[in-house]
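Asker: The structure that follows is given in the form of structure tokens.
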Amino acid sequence: MITAEHLRKTFPGKGKDKTPVVAVDDVGFEARDGEITGLLGPNGAGKTTTLRMLYSLMAPESGRIMVDGRDVAADPVAARRALGVLPDARGVYKRLTARENIQYFGELHGLPRAIIDTRIGKLAAALQMEDFLDRQTEGFSQGQRTKTAIARALVHDPRNVILDEPTNGLDVMTTRGLRGFLKDLRAEGRCVIFSSHIMQEVAALCDRIVVIAHGRVAAQGTPDELRAQAGHDNLEDAFVTLIGSDEGLHA
Amino acid sequence: MKALWTVCMKELRELSRDRRTLMLALVMGPLVVPALLLGMLTLAQSRTKSQIDKPLQIAIVGADRAPELVKWLAAEGIERKQLASDPDAAIRSQDEDAYVRIGDDFGKDWQAGNPALVEIVHDSTRQDSAIPVKRIENALQRYGQQVGALRLLARGINPAVAAPLSVAHKDLSTPEARRGMVMAFLPYLLILSAFVGGAYLIIDTTAGERERQSLEPLLATPASRGAIVSGKIVAASLVGLATLLLTLLALKVGAQFVPGIGKMMDVRMLAIAKMLLILLPMLFIGTALLTFIAAGAKSVKEAQSYMSMLMLLPIVPTVMLMVSPIRTQLWQYTVPFLAQNQMLMKVIRSEPVEALEWAVYFGAGFGVAALLWFAATRRYRQERLAIST
């Protein structure tokens, strides 16, 4: 379970205009175990920055993040152990095989070799990556790279999973497979957070949706609650009403 | 600690799959330094030798006006040669180093006891002609003194009266001096290869990792940033150490093929081990400094642009010492580059190094390395580091 309370983050302004850019302002939500929570918002809304604060890559200026009831700021290492993270940047090591890439992260998590190997077996089966598992990742397709990155993020069997736009650049079949995988994670009782700017995807997967626009939470709740709140039966119309414009919401 | 080792092993494994870079680091690097040095030495040696000891063949214009002089020169190893073309043109086209012109009135002046004109014609901007011209000049001077002495004797005067000074000449272009120039470059080459020995690996694993977008996932693991950056530094230091070891061994092997090099520098196993030990702090300073710089760079290209400047650092003390040699003092063992230079020079010349000098040297060297290492880990803790774009 991940709880974010009143997160705020500003970046120093660049160029002539030195006014700081407020990336995230007073963002708060709760992501429960056994649910998929979607962060929906247009490009540049502050989704990635919010997620980066969740996995303690950035420190929020104000506000608090709790992972499984523990404060991230107090013990970031413990929080990272409890989190599986697929960041926006998902480069893999080109001269290592997919298996070695995953092993490396397993070792950095301090796992013994035997456990790493069984986890790789399970993840490879679930993500359908057996046929390229022992190939060097140079020349991998976008889908193969993403699968490798997801597998290495989950090698330590974390309770909480954070994925930043996981379906970015993937074809339809791979996206379908990935959705199935996320549902499996939910079925295992994990807390899954993923961000997306594609409304249909969020609508198809998420139990709860946090709509972010201009660094703020525009609305949050189950898809039904959001429909009711916006006064539209159609989810897309509901989102447009909530965000205030339809800019950037389409794939 | 375990994370450090994991990072280190992974970087080395990745490097081991990159055959071309590995070859460059472990084979080309170690071969270039000794080859360059020994090649320069051999060349300098053989040039000087051939110019000093070999019979010199030059054209003599108007030789028939001074047959005695020509004979005398031949006995001095300066032989007459016939030139088909115009001798001035031959000098300009650099076919000839120098020639001698006997003045038109040589015979008349000689008979009259007046100074008879002998010209040495050469191009003073050409280094190559310096030694031949010097030889001819010396030979002519000796001939002149000899004849002058005989003339004085014939007039019943002691020739010593006309020679109040006895000036001894020491030719600076001796083989030793030339070797000395070359030897001054050995510490520079060794320090440079220690300083940038792990450069490729460091740039690739810091700036390169950031550019390839794999740094953010890495920093999202529980491994501490200090351990991650230290693992990278250790990996680069190991590669640098291997390069250095191979370079020194190549130097030792190469020295066997160049006769007389044993007289100029100490290449016994103990000296090689000492040199490796001396270069160790340099290696750590280099990798830590590069890590600090490359960690702040957003791309490999940016990191590499700093390299050309760093390459110049080690040459500063070498050039300084060449231009104005200073006496070795204890404080010099605390200044990076200068300290290495002094220590290496001592070992090469097989001079003893005092225990205090060793202590100051290692204290200062590893101290600077530790500071830079600390700065590098600090930089890895920066928030903006993880963001690639």
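Within each chain, counting starts at residue 1; across the structure tokens, chains are named A, B, ... in the order shown, with ligands numbered 1 upward in that order.
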Give me, as a PDB file with N, CA and C atoms, in the first residue's frame, all polymer residues having an atom no more than 10 Å from Gly41 in chain A, counting only C-alpha atoms and skipping those fewer than 2 positions away in the same chain.
Answerer:
```pdb
ATOM      1  N   GLY A  38      -4.491   3.997 -11.305  1.00  0.00           N
ATOM      2  CA  GLY A  38      -3.964   4.640 -12.511  1.00  0.00           C
ATOM      3  C   GLY A  38      -3.760   6.110 -12.308  1.00  0.00           C
ATOM      4  N   LEU A  39      -2.590   6.610 -12.741  1.00  0.00           N
ATOM      5  CA  LEU A  39      -2.345   8.051 -12.754  1.00  0.00           C
ATOM      6  C   LEU A  39      -2.572   8.510 -14.185  1.00  0.00           C
ATOM      7  N   ASN A  43       0.516  14.842 -21.166  1.00  0.00           N
ATOM      8  CA  ASN A  43       1.978  14.951 -21.079  1.00  0.00           C
ATOM      9  C   ASN A  43       2.347  16.193 -20.296  1.00  0.00           C
ATOM     10  N   GLY A  44       3.329  16.063 -19.418  1.00  0.00           N
ATOM     11  CA  GLY A  44       3.805  17.221 -18.673  1.00  0.00           C
ATOM     12  C   GLY A  44       2.911  17.612 -17.512  1.00  0.00           C
ATOM     13  N   ALA A  45       1.998  16.718 -17.132  1.00  0.00           N
ATOM     14  CA  ALA A  45       1.082  17.044 -16.038  1.00  0.00           C
ATOM     15  C   ALA A  45       1.731  16.867 -14.676  1.00  0.00           C
ATOM     16  N   GLY A  46       2.875  16.136 -14.613  1.00  0.00           N
ATOM     17  CA  GLY A  46       3.525  15.902 -13.334  1.00  0.00           C
ATOM     18  C   GLY A  46       3.459  14.454 -12.881  1.00  0.00           C
ATOM     19  N   LYS A  47       3.058  13.544 -13.792  1.00  0.00           N
ATOM     20  CA  LYS A  47       2.949  12.131 -13.413  1.00  0.00           C
ATOM     21  C   LYS A  47       4.309  11.531 -13.064  1.00  0.00           C
ATOM     22  N   SER A 195       1.149   4.855 -14.540  1.00  0.00           N
ATOM     23  CA  SER A 195       0.758   6.141 -15.109  1.00  0.00           C
ATOM     24  C   SER A 195       0.538   5.968 -16.598  1.00  0.00           C
ATOM     25  N   SER A 196      -0.301   6.789 -17.146  1.00  0.00           N
ATOM     26  CA  SER A 196      -0.554   6.710 -18.577  1.00  0.00           C
ATOM     27  C   SER A 196      -1.220   8.000 -19.013  1.00  0.00           C
ATOM     28  N   HIS A 197      -1.034   8.305 -20.299  1.00  0.00           N
ATOM     29  CA  HIS A 197      -1.795   9.427 -20.827  1.00  0.00           C
ATOM     30  C   HIS A 197      -2.890   8.904 -21.766  1.00  0.00           C
ATOM     31  N   ILE A 198      -3.039   7.576 -21.793  1.00  0.00           N
ATOM     32  CA  ILE A 198      -4.041   6.984 -22.684  1.00  0.00           C
ATOM     33  C   ILE A 198      -5.265   6.609 -21.863  1.00  0.00           C
ATOM     34  N   MET A 199      -6.341   7.299 -22.131  1.00  0.00           N
ATOM     35  CA  MET A 199      -7.533   7.133 -21.319  1.00  0.00           C
ATOM     36  C   MET A 199      -8.126   5.728 -21.383  1.00  0.00           C
ATOM     37  N   VAL A 210      -6.512   8.347 -10.588  1.00  0.00           N
ATOM     38  CA  VAL A 210      -6.166   9.678 -10.099  1.00  0.00           C
ATOM     39  C   VAL A 210      -5.894  10.529 -11.329  1.00  0.00           C
ATOM     40  N   VAL A 211      -6.697  11.517 -11.539  1.00  0.00           N
ATOM     41  CA  VAL A 211      -6.515  12.370 -12.709  1.00  0.00           C
ATOM     42  C   VAL A 211      -5.636  13.554 -12.305  1.00  0.00           C
ATOM     43  N   ILE A 212      -4.521  13.680 -12.993  1.00  0.00           N
ATOM     44  CA  ILE A 212      -3.583  14.760 -12.685  1.00  0.00           C
ATOM     45  C   ILE A 212      -3.513  15.721 -13.852  1.00  0.00           C
ATOM     46  N   ALA A 213      -3.627  17.007 -13.570  1.00  0.00           N
ATOM     47  CA  ALA A 213      -3.476  18.010 -14.611  1.00  0.00           C
ATOM     48  C   ALA A 213      -2.800  19.218 -14.002  1.00  0.00           C
ATOM     49  N   HIS A 214      -1.809  19.779 -14.718  1.00  0.00           N
ATOM     50  CA  HIS A 214      -1.075  20.961 -14.256  1.00  0.00           C
ATOM     51  C   HIS A 214      -0.525  20.756 -12.846  1.00  0.00           C
ATOM     52  N   GLY A 215      -0.021  19.573 -12.563  1.00  0.00           N
ATOM     53  CA  GLY A 215       0.626  19.307 -11.290  1.00  0.00           C
ATOM     54  C   GLY A 215      -0.319  19.132 -10.113  1.00  0.00           C
ATOM     55  N   ARG A 216      -1.616  19.100 -10.370  1.00  0.00           N
ATOM     56  CA  ARG A 216      -2.560  18.953  -9.266  1.00  0.00           C
ATOM     57  C   ARG A 216      -3.482  17.779  -9.532  1.00  0.00           C
ATOM     58  N   VAL A 217      -4.069  17.267  -8.476  1.00  0.00           N
ATOM     59  CA  VAL A 217      -5.058  16.203  -8.638  1.00  0.00           C
ATOM     60  C   VAL A 217      -6.379  16.856  -9.040  1.00  0.00           C
ATOM     61  N   ALA A 218      -6.817  16.543 -10.265  1.00  0.00           N
ATOM     62  CA  ALA A 218      -8.063  17.141 -10.731  1.00  0.00           C
ATOM     63  C   ALA A 218      -9.257  16.375 -10.173  1.00  0.00           C
ATOM     64  N   PHE A 239     -13.483  12.735 -18.435  1.00  0.00           N
ATOM     65  CA  PHE A 239     -12.096  13.173 -18.247  1.00  0.00           C
ATOM     66  C   PHE A 239     -11.888  14.577 -18.779  1.00  0.00           C
ATOM     67  N   ILE A 243     -10.440  17.542 -16.529  1.00  0.00           N
ATOM     68  CA  ILE A 243      -9.143  18.179 -16.769  1.00  0.00           C
ATOM     69  C   ILE A 243      -9.325  19.612 -17.224  1.00  0.00           C
ATOM     70  N   GLU A 247      -6.701  18.359 -24.354  1.00  0.00           N
ATOM     71  CA  GLU A 247      -5.349  18.361 -24.928  1.00  0.00           C
ATOM     72  C   GLU A 247      -4.526  17.180 -24.394  1.00  0.00           C
ATOM     73  N   GLY A 248      -3.861  16.462 -25.267  1.00  0.00           N
ATOM     74  CA  GLY A 248      -2.889  15.444 -24.864  1.00  0.00           C
ATOM     75  C   GLY A 248      -3.473  14.180 -24.303  1.00  0.00           C
ATOM     76  N   LEU A 249      -4.750  14.012 -24.381  1.00  0.00           N
ATOM     77  CA  LEU A 249      -5.319  12.801 -23.780  1.00  0.00           C
ATOM     78  C   LEU A 249      -5.357  11.619 -24.736  1.00  0.00           C
TER      79      LEU A 249
END
```
Asker: Compile the contact shell of Leu133 in chain A as a list in words: residues with an atom at most 8 Å away, counting only C-alpha atoms, same-chain residues fewer than 2 positions apart removed.
Answerer: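 After dropping sequence-adjacent residues, the list is Thr97, Ala98, Arg99, Ala124, Met129, Glu130, Asp131 and Arg135 of chain A.
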Asker: Counting only C-alpha atoms, which residues of chain A come no farther than 9 Å from chain B, as an MDAnalysis selection string?
Answerer: chainID A and resid 55:59 76:81 83:96 100 104:105 107:110 149 153
Asker: Any chance you could list, as a ChimeraX atom specification, the residues in range 91-183 of chain A that come up helix (DSSP H, G or I) when DSSP is run on the backbone?
Answerer: /A:98-108,113-126,130-132,142-153,172-183
Asker: Mind dumping the selected residues with C-alpha atoms as a PDB file, in the first residue's frame?
Answerer:
```
ATOM      1  CA  ALA A  98      18.275 -10.335 -20.548  1.00  0.00           C
ATOM      2  CA  ARG A  99      18.889 -12.918 -17.825  1.00  0.00           C
ATOM      3  CA  GLU A 100      22.102 -11.209 -16.696  1.00  0.00           C
ATOM      4  CA  ASN A 101      20.345  -7.852 -16.627  1.00  0.00           C
ATOM      5  CA  ILE A 102      17.732  -9.283 -14.278  1.00  0.00           C
ATOM      6  CA  GLN A 103      20.335 -11.121 -12.183  1.00  0.00           C
ATOM      7  CA  TYR A 104      22.287  -7.907 -11.708  1.00  0.00           C
ATOM      8  CA  PHE A 105      19.300  -6.192 -10.145  1.00  0.00           C
ATOM      9  CA  GLY A 106      18.541  -9.251  -8.040  1.00  0.00           C
ATOM     10  CA  GLU A 107      22.064  -9.146  -6.661  1.00  0.00           C
ATOM     11  CA  LEU A 108      21.776  -5.423  -5.967  1.00  0.00           C
ATOM     12  CA  ARG A 113      21.437 -16.730  -6.496  1.00  0.00           C
ATOM     13  CA  ALA A 114      18.963 -19.602  -6.130  1.00  0.00           C
ATOM     14  CA  ILE A 115      16.056 -17.280  -5.353  1.00  0.00           C
ATOM     15  CA  ILE A 116      16.999 -15.001  -8.256  1.00  0.00           C
ATOM     16  CA  ASP A 117      16.953 -17.979 -10.618  1.00  0.00           C
ATOM     17  CA  THR A 118      13.505 -19.191  -9.553  1.00  0.00           C
ATOM     18  CA  ARG A 119      12.154 -15.626  -9.766  1.00  0.00           C
ATOM     19  CA  ILE A 120      13.573 -15.235 -13.268  1.00  0.00           C
ATOM     20  CA  GLY A 121      11.911 -18.492 -14.256  1.00  0.00           C
ATOM     21  CA  LYS A 122       8.530 -17.303 -13.006  1.00  0.00           C
ATOM     22  CA  LEU A 123       8.797 -13.805 -14.481  1.00  0.00           C
ATOM     23  CA  ALA A 124      10.021 -15.093 -17.834  1.00  0.00           C
ATOM     24  CA  ALA A 125       7.010 -17.396 -18.048  1.00  0.00           C
ATOM     25  CA  ALA A 126       4.563 -14.700 -17.005  1.00  0.00           C
ATOM     26  CA  GLU A 130      11.747 -17.345 -22.569  1.00  0.00           C
ATOM     27  CA  ASP A 131      12.800 -17.255 -26.207  1.00  0.00           C
ATOM     28  CA  PHE A 132      15.032 -14.176 -25.794  1.00  0.00           C
ATOM     29  CA  GLN A 142      11.004  -2.078 -27.689  1.00  0.00           C
ATOM     30  CA  GLY A 143       8.695  -4.768 -26.325  1.00  0.00           C
ATOM     31  CA  GLN A 144      11.543  -7.091 -25.419  1.00  0.00           C
ATOM     32  CA  ARG A 145      13.396  -4.259 -23.699  1.00  0.00           C
ATOM     33  CA  THR A 146      10.321  -3.267 -21.715  1.00  0.00           C
ATOM     34  CA  LYS A 147       9.725  -6.848 -20.643  1.00  0.00           C
ATOM     35  CA  THR A 148      13.340  -7.139 -19.513  1.00  0.00           C
ATOM     36  CA  ALA A 149      13.016  -3.883 -17.595  1.00  0.00           C
ATOM     37  CA  ILE A 150       9.790  -5.022 -15.934  1.00  0.00           C
ATOM     38  CA  ALA A 151      11.291  -8.384 -15.005  1.00  0.00           C
ATOM     39  CA  ARG A 152      14.325  -6.776 -13.398  1.00  0.00           C
ATOM     40  CA  ALA A 153      12.068  -4.339 -11.531  1.00  0.00           C
ATOM     41  CA  VAL A 172      -1.167  -3.950 -29.561  1.00  0.00           C
ATOM     42  CA  MET A 173      -0.350  -7.580 -28.822  1.00  0.00           C
ATOM     43  CA  THR A 174       2.410  -6.748 -26.359  1.00  0.00           C
ATOM     44  CA  THR A 175       0.160  -4.197 -24.686  1.00  0.00           C
ATOM     45  CA  ARG A 176      -2.560  -6.823 -24.303  1.00  0.00           C
ATOM     46  CA  GLY A 177      -0.082  -9.225 -22.793  1.00  0.00           C
ATOM     47  CA  LEU A 178       1.149  -6.561 -20.405  1.00  0.00           C
ATOM     48  CA  ARG A 179      -2.395  -5.782 -19.269  1.00  0.00           C
ATOM     49  CA  GLY A 180      -2.879  -9.437 -18.467  1.00  0.00           C
ATOM     50  CA  PHE A 181       0.350  -9.366 -16.488  1.00  0.00           C
ATOM     51  CA  LEU A 182      -0.762  -6.329 -14.474  1.00  0.00           C
ATOM     52  CA  LYS A 183      -4.057  -8.076 -13.693  1.00  0.00           C
TER      53      LYS A 183
END
```
Asker: Which residues are near Gly208 in chain B? Cut-off 8 Å, only C-alpha atoms, ignore same chain within fewer than 4 positions. Put them as a VMD selection string.
Answerer: chain B and resid 203 to 204 212 299 to 300
Asker: Let's have the selection written as an mmCIF file, in the first residue's frame, with C-alpha atoms.
Answerer:
```cif
data_model
loop_
_atom_site.group_PDB
_atom_site.id
_atom_site.type_symbol
_atom_site.label_atom_id
_atom_site.label_comp_id
_atom_site.auth_asym_id
_atom_site.auth_seq_id
_atom_site.Cartn_x
_atom_site.Cartn_y
_atom_site.Cartn_z
ATOM 1 C CA ILE B 203 33.090 7.514 -18.902
ATOM 2 C CA ASP B 204 31.105 4.598 -20.264
ATOM 3 C CA ARG B 212 21.597 5.128 -22.162
ATOM 4 C CA SER B 299 26.528 12.389 -22.330
ATOM 5 C CA VAL B 300 29.673 10.507 -23.246
#
```
Asker: So how many Å separate CA of Lys71 in chain B and CA of Asp97 in chain B, to one decimal?
Answerer: 20.7 Å
Asker: Which residues come within 9 Å of Gly29 in chain B, counting only C-alpha atoms, excluding same-chain residues fewer than 3 positions away, as a list in words?
Answerer: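 Everything that qualifies: Met23, Leu24, Ala25, Leu26, Val32, Val33, Ser193, Gly197, Thr243, Leu244, Leu246 and Thr247 of chain B.
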Asker: Could you tell me how far CA of Met307 in chain B sits from CA of Phe337 in chain B, in Å to one decimal place?
Answerer: 16.3 Å
Asker: Interatomic distance between CA of Ser308 in chain B and CA of Ala235 in chain B?
Answerer: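 Answer for the CA of Ser308 in chain B to CA of Ala235 in chain B separation: 22.6 Å.
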